[in-house]
file start13.txt (compact mmCIF, C-alpha atoms)
# COMPACT_ATOMS: atom_id res chain seq x y z
CA MET E 1 0.00 0.00 0.00
CA GLY E 2 2.84 2.35 0.73
CA ALA E 3 2.59 5.45 2.87
CA GLN E 4 0.03 7.10 0.62
CA GLY E 5 -2.18 4.02 0.39
CA LEU E 6 -2.03 3.40 4.13
CA THR E 7 -2.94 7.01 4.84
CA HIS E 8 -5.90 6.78 2.46
CA ALA E 9 -7.09 3.49 4.01
CA THR E 10 -6.85 5.01 7.49
CA LYS E 11 -8.91 8.02 6.45
CA ILE E 12 -11.63 5.77 4.99
CA ALA E 13 -11.74 3.63 8.17
CA ILE E 14 -12.08 6.75 10.33
CA LEU E 15 -14.74 8.17 8.02
CA SER E 16 -16.67 4.88 8.14
CA ALA E 17 -16.54 4.70 11.94
CA ASN E 18 -17.81 8.28 12.23
CA TYR E 19 -20.56 7.59 9.71
CA LEU E 20 -21.75 4.61 11.78
CA ALA E 21 -21.48 6.54 15.04
CA LYS E 22 -23.54 9.44 13.70
CA GLN E 23 -26.22 7.19 12.21
CA ILE E 24 -26.55 4.77 15.13
CA GLU E 25 -26.29 7.23 18.03
CA ARG E 26 -29.98 7.98 17.53
CA GLY E 27 -30.72 4.63 19.15
CA PHE E 28 -27.56 3.84 21.07
CA PRO E 29 -25.33 6.43 22.76
CA VAL E 30 -21.71 6.61 21.58
CA VAL E 31 -18.90 6.81 24.13
CA TYR E 32 -15.36 8.10 23.70
CA LYS E 33 -16.03 10.99 21.38
CA GLY E 34 -13.44 13.68 20.89
CA LYS E 35 -13.87 17.42 21.43
CA ARG E 36 -15.57 17.75 18.05
CA GLY E 37 -17.94 14.86 18.73
CA ARG E 38 -16.05 12.42 16.51
CA VAL E 39 -14.64 8.95 17.07
CA ALA E 40 -11.40 7.39 15.84
CA HIS E 41 -11.35 4.22 13.73
CA GLU E 42 -13.87 2.52 16.00
CA CYS E 43 -17.12 3.50 17.65
CA ILE E 44 -18.38 2.21 20.96
CA PHE E 45 -22.12 1.97 21.56
CA ASP E 46 -23.37 2.04 25.14
CA VAL E 47 -26.23 -0.39 25.76
CA ARG E 48 -25.97 -0.55 29.57
CA ALA E 49 -29.17 1.42 30.21
CA LEU E 50 -31.22 -1.16 28.29
CA LYS E 51 -30.65 -3.74 31.02
CA LYS E 52 -32.69 -1.58 33.38
CA THR E 53 -35.38 -0.49 30.89
CA ALA E 54 -35.89 -3.78 29.02
CA GLY E 55 -33.70 -6.48 30.56
CA ILE E 56 -31.65 -6.45 27.35
CA GLU E 57 -27.91 -6.94 27.66
CA VAL E 58 -24.97 -6.49 25.33
CA ASP E 59 -24.92 -10.24 24.52
CA ASP E 60 -28.55 -10.08 23.38
CA ILE E 61 -27.83 -7.37 20.83
CA ALA E 62 -24.61 -8.99 19.61
CA LYS E 63 -26.33 -12.33 19.10
CA ARG E 64 -29.34 -10.73 17.41
CA LEU E 65 -26.97 -9.15 14.91
CA MET E 66 -26.19 -12.71 13.80
CA ASP E 67 -29.82 -13.12 12.70
CA TYR E 68 -29.28 -10.04 10.52
CA GLY E 69 -26.19 -11.65 8.97
CA PHE E 70 -23.46 -9.84 10.90
CA HIS E 71 -20.64 -11.27 12.94
CA ALA E 72 -21.10 -10.17 16.53
CA PRO E 73 -18.92 -7.13 17.29
CA THR E 74 -16.53 -6.85 20.22
CA MET E 75 -18.53 -6.93 23.44
CA SER E 76 -17.72 -5.22 26.74
CA PHE E 77 -14.36 -3.87 25.71
CA PRO E 78 -13.08 -1.45 26.72
CA ILE E 79 -16.21 -0.87 28.83
CA ALA E 80 -18.49 -3.60 30.15
CA GLY E 81 -21.94 -3.42 28.53
CA THR E 82 -20.82 -1.81 25.28
CA LEU E 83 -20.39 -2.85 21.66
CA MET E 84 -17.24 -1.82 19.81
CA VAL E 85 -17.61 -1.63 16.04
CA GLU E 86 -14.57 -1.18 13.82
CA PRO E 87 -15.51 -0.87 10.15
CA THR E 88 -12.54 -1.42 7.89
CA GLU E 89 -11.58 0.72 4.92
CA SER E 90 -12.92 -2.00 2.62
CA GLU E 91 -16.54 -1.86 3.79
CA PRO E 92 -18.73 -0.29 1.08
CA LEU E 93 -21.37 2.28 1.98
CA GLU E 94 -24.08 -0.28 1.16
CA GLU E 95 -22.75 -2.59 3.89
CA LEU E 96 -22.47 0.26 6.40
CA ASP E 97 -26.07 1.24 5.65
CA ARG E 98 -27.18 -2.36 6.07
CA PHE E 99 -25.57 -2.37 9.54
CA VAL E 100 -27.23 0.95 10.42
CA THR E 101 -30.61 -0.49 9.38
CA ALA E 102 -30.01 -3.62 11.46
CA MET E 103 -29.11 -1.59 14.54
CA ALA E 104 -32.19 0.64 14.08
CA SER E 105 -34.39 -2.44 13.75
CA ILE E 106 -32.83 -3.98 16.86
CA ARG E 107 -33.50 -0.74 18.73
CA GLU E 108 -37.17 -1.03 17.72
CA GLU E 109 -37.22 -4.59 19.05
CA VAL E 110 -35.81 -3.29 22.34
CA ARG E 111 -38.47 -0.57 22.35
CA ALA E 112 -41.17 -3.25 21.95
CA VAL E 113 -39.84 -4.90 25.12
CA GLU E 114 -39.61 -1.55 26.95
CA GLU E 115 -43.24 -0.78 26.05
CA GLY E 116 -44.49 -4.24 27.01
CA ARG E 117 -45.41 -5.32 23.47
CA LEU E 118 -42.93 -8.19 23.86
CA PRO E 119 -42.08 -9.97 27.12
CA ARG E 120 -38.72 -9.31 28.78
CA ASP E 121 -37.79 -12.98 28.86
CA ASP E 122 -39.12 -14.28 25.51
CA ASN E 123 -38.32 -11.96 22.64
CA PRO E 124 -36.18 -12.03 19.47
CA LEU E 125 -33.19 -10.58 21.33
CA LYS E 126 -33.20 -12.95 24.31
CA ASN E 127 -33.57 -15.98 22.01
CA ALA E 128 -31.03 -14.95 19.37
CA PRO E 129 -29.43 -16.28 17.36
CA HIS E 130 -32.19 -18.32 15.74
CA THR E 131 -30.96 -21.49 14.03
CA ALA E 132 -32.63 -23.19 11.08
CA ALA E 133 -33.47 -26.12 13.37
CA ALA E 134 -35.21 -23.83 15.88
CA VAL E 135 -37.16 -21.93 13.25
CA THR E 136 -38.31 -25.05 11.39
CA ALA E 137 -39.18 -27.09 14.48
CA ALA E 138 -42.72 -28.45 14.63
CA GLU E 139 -43.48 -26.41 17.74
CA TRP E 140 -43.06 -22.63 18.01
CA THR E 141 -44.01 -21.17 21.38
CA HIS E 142 -42.63 -17.64 21.13
CA PRO E 143 -44.84 -14.51 21.04
CA TYR E 144 -43.16 -13.36 17.79
CA SER E 145 -43.26 -15.03 14.41
CA ARG E 146 -40.73 -17.37 12.84
CA GLU E 147 -40.39 -14.74 10.12
CA VAL E 148 -39.29 -12.13 12.67
CA ALA E 149 -36.87 -14.64 14.18
CA ALA E 150 -35.16 -15.80 11.00
CA PHE E 151 -35.69 -13.03 8.47
CA PRO E 152 -35.66 -9.74 10.40
CA ALA E 153 -34.56 -7.67 7.38
CA PRO E 154 -35.21 -7.81 3.62
CA TRP E 155 -31.65 -8.82 2.72
CA THR E 156 -31.88 -11.93 4.89
CA HIS E 157 -34.34 -13.41 2.38
CA ALA E 158 -31.77 -13.14 -0.41
CA ARG E 159 -28.66 -14.24 1.48
CA LYS E 160 -29.28 -15.80 4.86
CA PHE E 161 -26.53 -16.81 7.27
CA TRP E 162 -27.75 -19.55 9.58
CA PRO E 163 -25.90 -19.79 12.88
CA ALA E 164 -25.00 -23.40 13.60
CA VAL E 165 -25.90 -23.18 17.29
CA GLY E 166 -28.26 -21.07 19.34
CA ARG E 167 -27.52 -19.32 22.59
CA VAL E 168 -24.83 -20.78 24.78
CA ASN E 169 -23.76 -19.80 28.27
CA ASN E 170 -20.58 -17.88 27.44
CA ALA E 171 -19.23 -17.72 30.99
CA PHE E 172 -19.80 -21.44 31.55
CA GLY E 173 -18.06 -22.24 28.27
CA ASP E 174 -15.12 -20.01 29.12
CA ARG E 175 -14.72 -21.73 32.49
CA HIS E 176 -15.20 -25.28 31.16
CA LEU E 177 -13.25 -25.27 27.92
CA VAL E 178 -13.13 -28.63 26.17
CA CYS E 179 -10.59 -29.02 23.41
CA SER E 180 -11.67 -31.37 20.64
CA CYS E 181 -8.35 -31.04 18.81
CA PRO E 182 -6.07 -34.05 18.32
CA PRO E 183 -3.10 -34.19 20.71
CA VAL E 184 0.00 -32.26 19.65
CA SER E 185 1.85 -35.55 19.15
CA GLU E 186 -0.38 -36.32 16.14
CA TYR E 187 0.92 -33.25 14.32
CA GLU E 188 4.55 -34.44 14.41

call {"tool": "encode", "arguments": {"input": "start13.txt", "output": "structure tokens"}}
result
Amino acid sequence: MGAQGLTHATKIAILSANYLAKQIERGFPVVYKGKRGRVAHECIFDVRALKKTAGIEVDDIAKRLMDYGFHAPTMSFPIAGTLMVEPTESEPLEELDRFVTAMASIREEVRAVEEGRLPRDDNPLKNAPHTAAAVTAAEWTHPYSREVAAFPAPWTHARKFWPAVGRVNNAFGDRHLVCSCPPVSEYE
């Protein structure tokens, strides 16, 4: 890339992060803004207040993003209860706008919980991500539709990413790691 190419890539990454921050702060406050209200190459969205208003936590939003076709962003770093998003210089505006739309839609789902239109313990956020097996099971007991679960946005009809597993207990998994790799001796 050279010095010129690297400088250009850095400018685009910073521009993309500020674009996301400005668009998404309507629903989720942004932390670590500079004096001019801008962020660096990453933006950090504060979702801590939603735990009190709707029982929604950072994990719920990150896992719901999977239903929209996004890899879950960094959670709780550098602040517990936040999402850190770092768009690269290679993300096109169309992809950034898709992420903005997903976050706005997720905020509306949170609002439905806050207003009592969805229960605090059984909603698309608390049950995310939704696997193909869960959505196609014979029995569906949730107060929202399978369509809302699996296809929350128009683009998910055209190119759907299906998570292989649903919700897992992250802390339990971290504390009880099981390695399924062959022993090192088999690699020699």

call {"tool": "closest_residue", "arguments": {"input": "start13.txt", "among": "E:Ala133, E:Ala72, E:Ile79, E:Ala112", "to": "E:Asp59", "atoms": "only C-alpha atoms"}}
result
E:Ala72

call {"tool": "closest_residue", "arguments": {"input": "start13.txt", "among": "E:Leu6, E:Met1, E:Val100, E:Met66", "to": "E:Tyr19", "atoms": "all atoms listed in the file"}}
result
E:Val100

call {"tool": "residues_around", "arguments": {"input": "start13.txt", "residues": "stretch 46-49 of chain E", "least_positions_apart": "4", "cutoff": "12 Å", "atoms": "all atoms listed in the file", "output": "PDB file with C-alpha atoms, in the coordinates of the input"}}
result
ATOM      1  CA  ALA E  21     -21.480   6.540  15.040  1.00  0.00           C
ATOM      2  CA  ILE E  24     -26.550   4.770  15.130  1.00  0.00           C
ATOM      3  CA  GLU E  25     -26.290   7.230  18.030  1.00  0.00           C
ATOM      4  CA  ARG E  26     -29.980   7.980  17.530  1.00  0.00           C
ATOM      5  CA  GLY E  27     -30.720   4.630  19.150  1.00  0.00           C
ATOM      6  CA  PHE E  28     -27.560   3.840  21.070  1.00  0.00           C
ATOM      7  CA  PRO E  29     -25.330   6.430  22.760  1.00  0.00           C
ATOM      8  CA  VAL E  30     -21.710   6.610  21.580  1.00  0.00           C
ATOM      9  CA  VAL E  31     -18.900   6.810  24.130  1.00  0.00           C
ATOM     10  CA  TYR E  32     -15.360   8.100  23.700  1.00  0.00           C
ATOM     11  CA  THR E  53     -35.380  -0.490  30.890  1.00  0.00           C
ATOM     12  CA  ALA E  54     -35.890  -3.780  29.020  1.00  0.00           C
ATOM     13  CA  GLY E  55     -33.700  -6.480  30.560  1.00  0.00           C
ATOM     14  CA  ILE E  56     -31.650  -6.450  27.350  1.00  0.00           C
ATOM     15  CA  GLU E  57     -27.910  -6.940  27.660  1.00  0.00           C
ATOM     16  CA  VAL E  58     -24.970  -6.490  25.330  1.00  0.00           C
ATOM     17  CA  ASP E  59     -24.920 -10.240  24.520  1.00  0.00           C
ATOM     18  CA  ASP E  60     -28.550 -10.080  23.380  1.00  0.00           C
ATOM     19  CA  ILE E  61     -27.830  -7.370  20.830  1.00  0.00           C
ATOM     20  CA  ALA E  62     -24.610  -8.990  19.610  1.00  0.00           C
ATOM     21  CA  MET E  75     -18.530  -6.930  23.440  1.00  0.00           C
ATOM     22  CA  SER E  76     -17.720  -5.220  26.740  1.00  0.00           C
ATOM     23  CA  PHE E  77     -14.360  -3.870  25.710  1.00  0.00           C
ATOM     24  CA  PRO E  78     -13.080  -1.450  26.720  1.00  0.00           C
ATOM     25  CA  ILE E  79     -16.210  -0.870  28.830  1.00  0.00           C
ATOM     26  CA  ALA E  80     -18.490  -3.600  30.150  1.00  0.00           C
ATOM     27  CA  GLY E  81     -21.940  -3.420  28.530  1.00  0.00           C
ATOM     28  CA  THR E  82     -20.820  -1.810  25.280  1.00  0.00           C
ATOM     29  CA  LEU E  83     -20.390  -2.850  21.660  1.00  0.00           C
ATOM     30  CA  MET E  84     -17.240  -1.820  19.810  1.00  0.00           C
ATOM     31  CA  VAL E  85     -17.610  -1.630  16.040  1.00  0.00           C
ATOM     32  CA  MET E 103     -29.110  -1.590  14.540  1.00  0.00           C
ATOM     33  CA  ILE E 106     -32.830  -3.980  16.860  1.00  0.00           C
ATOM     34  CA  ARG E 107     -33.500  -0.740  18.730  1.00  0.00           C
ATOM     35  CA  VAL E 110     -35.810  -3.290  22.340  1.00  0.00           C
ATOM     36  CA  GLU E 114     -39.610  -1.550  26.950  1.00  0.00           C
TER      37      GLU E 114
END

call {"tool": "atom_distance", "arguments": {"input": "start13.txt", "atom1": "atom CA of E:Glu91", "atom2": "atom CA of E:Lys126"}}
result
28.7 Å

call {"tool": "atom_distance", "arguments": {"input": "start13.txt", "atom1": "atom CA of E:Ala150", "atom2": "atom CA of E:Asp97"}}
result
20.0 Å

call {"tool": "closest_residue", "arguments": {"input": "start13.txt", "among": "E:Gln4, E:Asn18, E:Gln23, E:Asn127", "to": "E:Thr101", "atoms": "only C-alpha atoms"}}
result
E:Gln23

call {"tool": "closest_residue", "arguments": {"input": "start13.txt", "among": "E:Ser180, E:Leu15, E:Glu139, E:Pro152", "to": "E:Ala104", "atoms": "only C-alpha atoms"}}
result
E:Pro152

call {"tool": "atom_distance", "arguments": {"input": "start13.txt", "atom1": "atom CA of E:Lys63", "atom2": "atom CA of E:Ala149"}}
result
11.9 Å

call {"tool": "closest_residue", "arguments": {"input": "start13.txt", "among": "E:Ala17, E:Ala9, E:Leu96, E:Leu65", "to": "E:Ala128", "atoms": "only C-alpha atoms"}}
result
E:Leu65

call {"tool": "closest_residue", "arguments": {"input": "start13.txt", "among": "E:Asn169, E:Val178, E:Pro73, E:Tyr68", "to": "E:His157", "atoms": "all atoms listed in the file"}}
result
E:Tyr68

call {"tool": "axis_aligned_box", "arguments": {"input": "start13.txt", "around": "stretch 99-105 of chain E", "padding_each_side": "3 Å", "output": "JSON"}}
result
{"center_x": -30.0, "center_y": -1.3, "center_z": 12.0, "size_x": 14.8, "size_y": 10.6, "size_z": 11.2}

call {"tool": "build_atoms", "arguments": {"input": "start13.txt", "residues": "stretch 48-79 of chain E", "atoms": "N, CA and C atoms", "output": "tab-separated table (two decimals), in the coordinates of the input"}}
result
chain	number	residue	atom	x	y	z
E	48	ARG	N	-25.78	-0.22	28.16
E	48	ARG	CA	-25.97	-0.55	29.57
E	48	ARG	C	-27.35	-0.16	30.10
E	49	ALA	N	-27.88	0.96	29.69
E	49	ALA	CA	-29.17	1.42	30.21
E	49	ALA	C	-30.32	0.48	29.82
E	50	LEU	N	-30.15	-0.28	28.75
E	50	LEU	CA	-31.22	-1.16	28.29
E	50	LEU	C	-31.46	-2.34	29.24
E	51	LYS	N	-30.48	-2.66	30.05
E	51	LYS	CA	-30.65	-3.74	31.02
E	51	LYS	C	-31.73	-3.34	32.03
E	52	LYS	N	-31.71	-2.07	32.42
E	52	LYS	CA	-32.69	-1.58	33.38
E	52	LYS	C	-34.06	-1.39	32.73
E	53	THR	N	-34.10	-0.82	31.52
E	53	THR	CA	-35.38	-0.49	30.89
E	53	THR	C	-36.07	-1.68	30.24
E	54	ALA	N	-35.28	-2.67	29.77
E	54	ALA	CA	-35.89	-3.78	29.02
E	54	ALA	C	-35.32	-5.15	29.38
E	55	GLY	N	-34.33	-5.20	30.26
E	55	GLY	CA	-33.70	-6.48	30.56
E	55	GLY	C	-32.80	-6.98	29.44
E	56	ILE	N	-32.48	-6.09	28.51
E	56	ILE	CA	-31.65	-6.45	27.35
E	56	ILE	C	-30.20	-6.13	27.66
E	57	GLU	N	-29.33	-7.10	27.39
E	57	GLU	CA	-27.91	-6.94	27.66
E	57	GLU	C	-27.11	-6.93	26.37
E	58	VAL	N	-25.85	-6.59	26.49
E	58	VAL	CA	-24.97	-6.49	25.33
E	58	VAL	C	-24.94	-7.79	24.53
E	59	ASP	N	-24.94	-8.94	25.21
E	59	ASP	CA	-24.92	-10.24	24.52
E	59	ASP	C	-26.15	-10.41	23.65
E	60	ASP	N	-27.30	-9.94	24.13
E	60	ASP	CA	-28.55	-10.08	23.38
E	60	ASP	C	-28.47	-9.35	22.05
E	61	ILE	N	-27.94	-8.15	22.06
E	61	ILE	CA	-27.83	-7.37	20.83
E	61	ILE	C	-26.79	-7.99	19.90
E	62	ALA	N	-25.67	-8.38	20.44
E	62	ALA	CA	-24.61	-8.99	19.61
E	62	ALA	C	-25.11	-10.26	18.94
E	63	LYS	N	-25.83	-11.08	19.68
E	63	LYS	CA	-26.33	-12.33	19.10
E	63	LYS	C	-27.47	-12.09	18.12
E	64	ARG	N	-28.27	-11.06	18.36
E	64	ARG	CA	-29.34	-10.73	17.41
E	64	ARG	C	-28.75	-10.25	16.09
E	65	LEU	N	-27.63	-9.58	16.15
E	65	LEU	CA	-26.97	-9.15	14.91
E	65	LEU	C	-26.65	-10.35	14.01
E	66	MET	N	-26.44	-11.51	14.59
E	66	MET	CA	-26.19	-12.71	13.80
E	66	MET	C	-27.40	-13.06	12.95
E	67	ASP	N	-28.60	-12.86	13.48
E	67	ASP	CA	-29.82	-13.12	12.70
E	67	ASP	C	-29.92	-12.18	11.50
E	68	TYR	N	-29.30	-11.02	11.61
E	68	TYR	CA	-29.28	-10.04	10.52
E	68	TYR	C	-28.13	-10.29	9.55
E	69	GLY	N	-27.29	-11.29	9.86
E	69	GLY	CA	-26.19	-11.65	8.97
E	69	GLY	C	-24.86	-11.01	9.30
E	70	PHE	N	-24.71	-10.47	10.50
E	70	PHE	CA	-23.46	-9.84	10.90
E	70	PHE	C	-22.75	-10.67	11.95
E	71	HIS	N	-21.44	-10.66	11.89
E	71	HIS	CA	-20.64	-11.27	12.94
E	71	HIS	C	-20.79	-10.36	14.16
E	72	ALA	N	-20.94	-10.96	15.31
E	72	ALA	CA	-21.10	-10.17	16.53
E	72	ALA	C	-19.87	-9.29	16.75
E	73	PRO	N	-20.06	-8.01	17.04
E	73	PRO	CA	-18.92	-7.13	17.29
E	73	PRO	C	-18.29	-7.41	18.65
E	74	THR	N	-17.20	-6.73	18.93
E	74	THR	CA	-16.53	-6.85	20.22
E	74	THR	C	-17.48	-6.41	21.33
E	75	MET	N	-17.63	-7.24	22.34
E	75	MET	CA	-18.53	-6.93	23.44
E	75	MET	C	-17.74	-6.58	24.70
E	76	SER	N	-18.23	-5.59	25.41
E	76	SER	CA	-17.72	-5.22	26.74
E	76	SER	C	-16.24	-4.91	26.78
E	77	PHE	N	-15.73	-4.35	25.72
E	77	PHE	CA	-14.36	-3.87	25.71
E	77	PHE	C	-14.33	-2.55	24.94
E	78	PRO	N	-13.81	-1.55	25.47
E	78	PRO	CA	-13.08	-1.45	26.72
E	78	PRO	C	-13.97	-1.20	27.94
E	79	ILE	N	-15.27	-1.11	27.74
E	79	ILE	CA	-16.21	-0.87	28.83
E	79	ILE	C	-17.24	-2.00	28.86
